[in-house]
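See structure below.
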2 protein chains.
Amino acid sequence: MHPPRWIAAWVLLLHGCAADWPPQAASATTDIRDCSTDPPYLPPTSVNTTARLAALRDIMRAHRVHAYIVPSTDAHMSEYIAERDSRLGWLTGFTGSAGTSVVTQDKAALWTDSRYWTQAERQLDCNWELQRTTWIESIGRWILKAVPVGGNISLDPFLFSIDTWNSYSQALHGSGRTLLPIENNLVDQVWGDQRPPPASSEIYTLPAAFTGSSWQEKVAGIRQQMEQHVRRPTAVLLSGLEETAWLFNLRGCDIPYNPVFYSYTLLTNTSISLFVDELRLSAAARQSLQASCPGPLCVELQEYGQTRAYLHRYAQGNVTIWLGTKYTTYGLYGVIPQEKLLEDSYSPVMLAKAVKNPKEQELLRAAHVRDAVAVIQYLLWLEKMVPQGQVDEFSGAQHIDTLRQAQEHNRGPSFQSISASGLNAALAHYSPSNGSSRKLSVDEMYLLDTGGQYLDGTTDITRTVHWGVPTPLQKEAYTRVLMGNIDLSRLVFPPKTAGRTVESFARRALWDVGLNYGHGTGHGIGNFLSVHEWPVGFQSNNVPLAAGMFTSIEPGYYRDGEFGIRIEDVALVVNAQTKHQSREEPFLTFEVVSLVPYDRNLINLSLLSPEQIRYLNTYYETIRARVGPELQRQQLEEEYRWLQRNTEPFPLGSAATTTTATTILGTLISLLAVLLTGLQA
Amino acid sequence: MHPPRWIAAWVLLLHGCAADWPPQAASATTDIRDCSTDPPYLPPTSVNTTARLAALRDIMRAHRVHAYIVPSTDAHMSEYIAERDSRLGWLTGFTGSAGTSVVTQDKAALWTDSRYWTQAERQLDCNWELQRTTWIESIGRWILKAVPVGGNISLDPFLFSIDTWNSYSQALHGSGRTLLPIENNLVDQVWGDQRPPPASSEIYTLPAAFTGSSWQEKVAGIRQQMEQHVRRPTAVLLSGLEETAWLFNLRGCDIPYNPVFYSYTLLTNTSISLFVDELRLSAAARQSLQASCPGPLCVELQEYGQTRAYLHRYAQGNVTIWLGTKYTTYGLYGVIPQEKLLEDSYSPVMLAKAVKNPKEQELLRAAHVRDAVAVIQYLLWLEKMVPQGQVDEFSGAQHIDTLRQAQEHNRGPSFQSISASGLNAALAHYSPSNGSSRKLSVDEMYLLDTGGQYLDGTTDITRTVHWGVPTPLQKEAYTRVLMGNIDLSRLVFPPKTAGRTVESFARRALWDVGLNYGHGTGHGIGNFLSVHEWPVGFQSNNVPLAAGMFTSIEPGYYRDGEFGIRIEDVALVVNAQTKHQSREEPFLTFEVVSLVPYDRNLINLSLLSPEQIRYLNTYYETIRARVGPELQRQQLEEEYRWLQRNTEPFPLGSAATTTTATTILGTLISLLAVLLTGLQA
């Protein structure tokens, strides 16, 4: 799936200034809304927020707050959030997964990245300015203009990471305005009893067959890191929901698409505190956690709401608390005295989770084989149904979900399917709804970005297809996106290479002709966890690539109002075989574990180099070897034949570089003709 | 020339952990020195530092300093420094341009990057540990081990940038040790009257023919930026020596190879203060600066030593001072109240200087034509002299300096020539001395990295040559380094791309076979200013690439104890012509302005793609067109013929991808044979 929330930071860092990036940066005048007329023109999808804003402004006045910042995340910096945490969505009407809003007494603005501009235009009413960037410095500038010196800018400290807090603090620094945390969320006060209730479903243990190691082994590994660290931390604080889920091999369903549950963990050198609603734990889960009680491997259950108070007490002692600044909130951070903090971008748990052990790798590989079956079934089904005019984006998305659910170990989709036809695919993050769904047609390109949750792994794949006659530009752009996917996938690179220093290989084929895409190139992925898993990927805030990490590779190309292309695979970082070995640690490369062929109808073979074609053919051999037997096992004979057809090796002779060969051929044929003529004469 | 001081930060950021990078990371046991024997074995180049250390430790005790940090730079964060500022060199014996030392009562250690490890082993005595990293966190850890809780760690606040100060502060944070600035430098106290005196040579005005615009135009441009900035700064503080030199079109010779002079500038919206030894200004310089006095374009001359006091007074007012944190020292920064600071990595002057206007571009291009003449003369001379066994590294370096000096507008070399034969070239930053200089031989590779200062521009070029029969590995490595140089040089990329996200293109051909190099890929360069000009280049702390910037492109490969390869050109960032134009701002690419052909003897054409060969041939046409006429104008007929020979177009048929062509050819020939046989029968 499309790279996550922190894309904006990446765009920023790659390009230095987000203001005029990406290329398609629409000026305000192209806004779908027209707020200059009376009454204004608003699309029917827009939400009337006048009453909500008025109520919020009342409360702001009561608190002497001149500007209130509302982010899109929850107290765990989750990318996907529960309805209950969708304060931004409720307040603004905008339901995209990433954005920030600021409200003053007479202004309201929403900042979001290019994935969401059109969606925001369709959902915001005229109370809202749309700011087409997510750079905090830009938000800061807006606030400096809107709030006079002496004003208070407030936010809920439990909804901002330390890093984000610091960025706001920096943006307002020395300006005479005060950044003022208020713990009692002002939007929640306005939302009142209409706010959805907390989650109550069961939290369960993941069977041992689907875990890489026991939770006791994981805890021992983290404690070993604590002992070996020069600062000798006494505790690790886990705020990320997937950290706790991974550490204890527990899962829940508090958040759509992500099998996690609300929790914090404080893992000390002698104790383990899990902050969670303990009534929700299954009997097996409770048994697993408390089998060794009392003792250092006994998990003490604490109330979720007591995390801050408990941490505050713990921090009074002679302790050092290790935490990840990217996703620990300022609300928790603030109770730990500065000298007792050991700050890293990511906790050791986040980093341990990022490198899959051999068993976890095998589990993820296996999930991708079954996932490929479902996607192949879908692609074949589309080939038959689309020409009959019987599929629209929404029914298509439903069908792929159904196909995945039929696969063993499936636990639903890993994110809301992106099923986009024609110009809708130019919105890189478009999802159809029942009410507004475009019919699929042989005259348009279709982009499908979907994934599944399986007990053994999370999947995420994008294919773009065309069943008719693509335009030359569509074919060129598709081929260049594919070339980028191939060039990055087959790259050999040194250990500890940062993803951001190599992601341009996925862009070069597009750059060559003046094209590009405005999102990141990949993200980590979990074993039955998040589809966007920190901190792996190709962006500035990702950690260096290491063997055992899984990342998506997903270049694209989007042409506003026309079409969109993305080709996404999940790949495992593996050791490479190189001609020379100049260092102890081997070089690395990728093993692609997504196993679905690309649309042959959209490939202009003459653009590919022989190396790219050879790579493709080898990849197709792998697909046949891994998916073919599974299709046969599932008695999907038609799909099996489809796979064989679609993985036929490409002829090397068609490669870009045979110009020379063709020239020589031409010369020789002429020569031959002359010779033959001579002989005949 | 080889990338600069901040290389270490780059290595760090690219690879996440400097500890085990680069590959050739020698363990302590391979140190040339053997301090375990009695007496220890030390090379004759080592310096006895026992007495200096004892004296420093006495002073440290008097100041209650438990560890004293001595860096390699001066109060302007200059890369090259005057002898007077070579405190690190005097104290340790190590004369490399980048390093940090820390002295305690019983320990002393030097940290430096891989360019300098061997040099350090040759120069340090057994008083010194050599630490093969420059990561401040590593220095911090060493200090934490060496200094007990409660201890004072001291440094001269005028020798540390704000950023570096903050890094040390962070590394010691919460450890119970105190970071204590002491303004009176302790090494200077020990050095006493043996310390070289301050510079006294003339500071002069650069003629208008060699400047891009008048200093008044430059000042107006900066003041406009101040007005347009949301924070409305009232002043810009310039600490970088090249900032002041560029702004006022003045030059001096206080620092070897860099035509700058000791100075600071405080440019306010109403006044201009230049802190400099005013007696050293030429009459013309003084006239130029003070022609409009009094008034906003009058340059008031202040004593260099009064900078801090003046800034302190200015900062009492209702002011906001804009400065670059990368190279302003903590000593100056500390006198400005936090709320009156406007901090950026680089001042607006540094950024304005980085983008050359059309006239400056033409000047730099012209300097490179004459520079190519000198290098071509040298390469031809070597071809004739080396087989006679009459050239060594030092005499070679002297000869190229002489050849450059004969060129119009030359003002000496732009850095100490790197002239390295055989295994010496594996030390990426090796410079020969008269005493120890290896003879050049037809049996060894030779690396020449040199540059000139011309009134119109600064040059920097590296060529690696072999006059005999290179080994297959030498030829492969050279060809792959060249492929990297070509691949980056011909890259087309979007505006505002950060160099670090594309520099891997210079590495891929090496990576493909498991090879790499441990330094950065390029650096900015000035118009008769520094050979390493901030903040342009391909490293993490460089600003995004923009049309008008000049950068070197210089991949390499180094094989310890055997040979070293580097191929370096200077290139101008220019607008690219692309098939599609999807955005208002055009894409960018490079125009290489260094104009010397590569060694044909070292190129394995079969590794190159047709695109790479086509690029090479086009580049060679440019060399012929630009340098040919200049060689003829200077009546260098033999050199002209050498140039023609060495820029012959390469046959496309030899490209890597003609395997297919060859196969087809073979088939056709067989076919022809059969046909002819048939016809004859």
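So you can find residues: chains in the structure tokens are A, B, ... in the order shown, residues in each start at 1, and ligands are numbered from 1 in order.
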
Handout entry: Within 9 Å of A:Arg195 using only C-alpha atoms, minus same-chain residues under 6 positions, as an MDAnalysis selection string
Key = chainID A and resid 83:85 188

Exercise for the section: Find the residues near B:Ala576: any atom within 10 Å, counting only C-alpha atoms, skip ones fewer than 5 places away on the same chain, and give them as a ChimeraX atom specification. Expected result: /A:512-514 /B:490-494,547,586-591

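Of the residues listed (A:Thr471, A:Asn249, A:Thr459, A:Thr50), A:Thr471 shows the shortest atom-to-atom separation from A:Met445; distances use only C-alpha atoms.
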
Completion exercise
Correct to one decimal, the distance atom CA of B:Ile143-atom CA of A:Lys496 is 26.5 Å

Where in stretch 135-164 of chain B does DSSP assign strand (DSSP E or B), given as a compact mmCIF listing (two decimals) with N, CA and C atoms, in the first residue's frame?
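Saved to part.txt:
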```txt
# COMPACT_ATOMS: atom_id res chain seq x y z
N ASN B 152 34.81 17.69 35.06
CA ASN B 152 34.60 18.77 34.10
C ASN B 152 35.23 18.41 32.76
N ILE B 153 34.46 18.55 31.69
CA ILE B 153 34.98 18.38 30.34
C ILE B 153 35.00 19.77 29.72
N SER B 154 36.17 20.22 29.32
CA SER B 154 36.29 21.60 28.85
C SER B 154 36.67 21.70 27.39
N LEU B 155 36.36 22.87 26.83
CA LEU B 155 36.73 23.15 25.46
C LEU B 155 36.71 24.66 25.26
N SER B 161 31.32 24.72 16.68
CA SER B 161 30.06 25.26 16.15
C SER B 161 28.94 24.96 17.14
```

Fill in the blank from the handout: Using only C-alpha atoms, the shortest atom-to-atom distance to A:Glu339 among A:Gln632, A:Gln316, A:Thr458, A:Gln170 belongs to A:Gln316

Exercise for the section: Could you give me, as JSON, numbers by chain, the residues within 8 Å of B:Pro597, counting only C-alpha atoms and dropping anything in the same chain fewer than 3 positions from it? Expected result: {"B": [620, 623, 643, 646, 647]}

I need the chosen residues saved as a PDB file, in the first residue's frame, with all heavy atoms.
```pdb
ATOM      1  N   TYR B 620      33.645  13.938 -24.840  1.00  0.00           N
ATOM      2  CA  TYR B 620      34.929  14.118 -25.522  1.00  0.00           C
ATOM      3  C   TYR B 620      34.826  15.156 -26.643  1.00  0.00           C
ATOM      4  O   TYR B 620      35.764  15.900 -26.909  1.00  0.00           O
ATOM      5  CB  TYR B 620      35.442  12.772 -26.049  1.00  0.00           C
ATOM      6  CG  TYR B 620      36.113  11.938 -24.970  1.00  0.00           C
ATOM      7  CD1 TYR B 620      36.052  12.323 -23.625  1.00  0.00           C
ATOM      8  CD2 TYR B 620      36.811  10.789 -25.278  1.00  0.00           C
ATOM      9  CE1 TYR B 620      36.670  11.578 -22.639  1.00  0.00           C
ATOM     10  CE2 TYR B 620      37.439  10.031 -24.297  1.00  0.00           C
ATOM     11  CZ  TYR B 620      37.357  10.424 -22.975  1.00  0.00           C
ATOM     12  OH  TYR B 620      37.976   9.691 -21.998  1.00  0.00           O
ATOM     13  N   ILE B 623      35.153  18.393 -24.918  1.00  0.00           N
ATOM     14  CA  ILE B 623      36.549  18.674 -24.568  1.00  0.00           C
ATOM     15  C   ILE B 623      37.292  19.204 -25.787  1.00  0.00           C
ATOM     16  O   ILE B 623      37.989  20.228 -25.723  1.00  0.00           O
ATOM     17  CB  ILE B 623      37.252  17.406 -24.022  1.00  0.00           C
ATOM     18  CG1 ILE B 623      36.615  16.964 -22.698  1.00  0.00           C
ATOM     19  CG2 ILE B 623      38.745  17.657 -23.850  1.00  0.00           C
ATOM     20  CD1 ILE B 623      37.266  15.723 -22.100  1.00  0.00           C
ATOM     21  N   LEU B 643      45.569  15.392 -27.204  1.00  0.00           N
ATOM     22  CA  LEU B 643      44.135  15.538 -26.917  1.00  0.00           C
ATOM     23  C   LEU B 643      43.301  14.835 -27.985  1.00  0.00           C
ATOM     24  O   LEU B 643      42.350  14.117 -27.668  1.00  0.00           O
ATOM     25  CB  LEU B 643      43.762  17.018 -26.840  1.00  0.00           C
ATOM     26  CG  LEU B 643      42.274  17.272 -26.559  1.00  0.00           C
ATOM     27  CD1 LEU B 643      41.914  16.841 -25.149  1.00  0.00           C
ATOM     28  CD2 LEU B 643      41.914  18.744 -26.750  1.00  0.00           C
ATOM     29  N   ASN B 646      43.438  11.141 -27.487  1.00  0.00           N
ATOM     30  CA  ASN B 646      42.790  10.659 -26.273  1.00  0.00           C
ATOM     31  C   ASN B 646      41.301  10.980 -26.197  1.00  0.00           C
ATOM     32  O   ASN B 646      40.649  10.626 -25.208  1.00  0.00           O
ATOM     33  CB  ASN B 646      43.513  11.214 -25.034  1.00  0.00           C
ATOM     34  CG  ASN B 646      44.780  10.436 -24.763  1.00  0.00           C
ATOM     35  OD1 ASN B 646      44.743   9.372 -24.163  1.00  0.00           O
ATOM     36  ND2 ASN B 646      45.908  10.956 -25.253  1.00  0.00           N
ATOM     37  N   THR B 647      40.811  11.658 -27.230  1.00  0.00           N
ATOM     38  CA  THR B 647      39.368  11.906 -27.252  1.00  0.00           C
ATOM     39  C   THR B 647      38.730  11.295 -28.497  1.00  0.00           C
ATOM     40  O   THR B 647      37.622  11.671 -28.884  1.00  0.00           O
ATOM     41  CB  THR B 647      39.065  13.429 -27.221  1.00  0.00           C
ATOM     42  OG1 THR B 647      39.843  14.058 -28.239  1.00  0.00           O
ATOM     43  CG2 THR B 647      39.377  14.033 -25.878  1.00  0.00           C
TER      44      THR B 647
END
```

Nearby residues (only C-alpha atoms) at most 12 Å from A:Glu202, same-chain spacing under 6 positions excluded, as a compact mmCIF listing (two decimals) with N, CA and C atoms, in the first residue's frame:
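Output contents, as saved in around_26.txt:
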```txt
# COMPACT_ATOMS: atom_id res chain seq x y z
N LEU A 250 0.47 -11.04 21.42
CA LEU A 250 -0.97 -10.84 21.63
C LEU A 250 -1.54 -10.07 20.44
N ARG A 251 -2.82 -10.25 20.20
CA ARG A 251 -3.49 -9.48 19.17
C ARG A 251 -4.88 -9.07 19.66
N GLY A 252 -5.41 -8.01 19.04
CA GLY A 252 -6.76 -7.56 19.35
C GLY A 252 -7.36 -6.96 18.10
N CYS A 253 -8.48 -6.27 18.24
CA CYS A 253 -9.02 -5.63 17.03
C CYS A 253 -9.63 -4.27 17.37
N ASP A 254 -8.83 -3.46 18.08
CA ASP A 254 -9.32 -2.15 18.50
C ASP A 254 -9.32 -1.15 17.36
N PRO A 259 -4.39 -5.56 13.80
CA PRO A 259 -4.81 -6.43 14.90
C PRO A 259 -4.13 -6.08 16.23
N VAL A 260 -4.31 -4.87 16.67
CA VAL A 260 -3.66 -4.42 17.90
C VAL A 260 -4.73 -3.99 18.90
N PHE A 261 -4.28 -3.62 20.09
CA PHE A 261 -5.21 -3.23 21.15
C PHE A 261 -4.57 -2.11 21.96
N TYR A 262 -5.39 -1.28 22.55
CA TYR A 262 -4.87 -0.15 23.32
C TYR A 262 -4.07 -0.64 24.50
N VAL A 276 -3.39 -2.21 30.26
CA VAL A 276 -4.41 -2.68 29.32
C VAL A 276 -5.70 -2.90 30.11
N ASP A 277 -6.82 -2.93 29.42
CA ASP A 277 -8.08 -3.28 30.08
C ASP A 277 -8.07 -4.78 30.32
N GLU A 278 -7.75 -5.20 31.54
CA GLU A 278 -7.46 -6.62 31.76
C GLU A 278 -8.67 -7.52 31.60
N LEU A 279 -9.85 -6.95 31.71
CA LEU A 279 -11.06 -7.76 31.52
C LEU A 279 -11.16 -8.28 30.09
N ARG A 280 -10.46 -7.62 29.18
CA ARG A 280 -10.56 -7.99 27.77
C ARG A 280 -9.60 -9.11 27.39
N LEU A 281 -8.69 -9.47 28.27
CA LEU A 281 -7.73 -10.53 27.94
C LEU A 281 -8.42 -11.88 27.93
N SER A 282 -8.14 -12.70 26.94
CA SER A 282 -8.67 -14.06 26.92
C SER A 282 -8.01 -14.84 28.06
N ALA A 283 -8.65 -15.95 28.44
CA ALA A 283 -8.09 -16.76 29.52
C ALA A 283 -6.70 -17.25 29.14
N ALA A 284 -6.54 -17.66 27.89
CA ALA A 284 -5.23 -18.17 27.44
C ALA A 284 -4.19 -17.06 27.50
N ALA A 285 -4.58 -15.87 27.12
CA ALA A 285 -3.64 -14.75 27.13
C ALA A 285 -3.19 -14.47 28.56
N ARG A 286 -4.15 -14.43 29.47
CA ARG A 286 -3.81 -14.16 30.87
C ARG A 286 -2.88 -15.27 31.40
```

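Closest approach to chain B from the set A:Ser138, A:Gln290, A:Gln635, A:Asn424 is made by A:Ser138, with distances taken over only C-alpha atoms.
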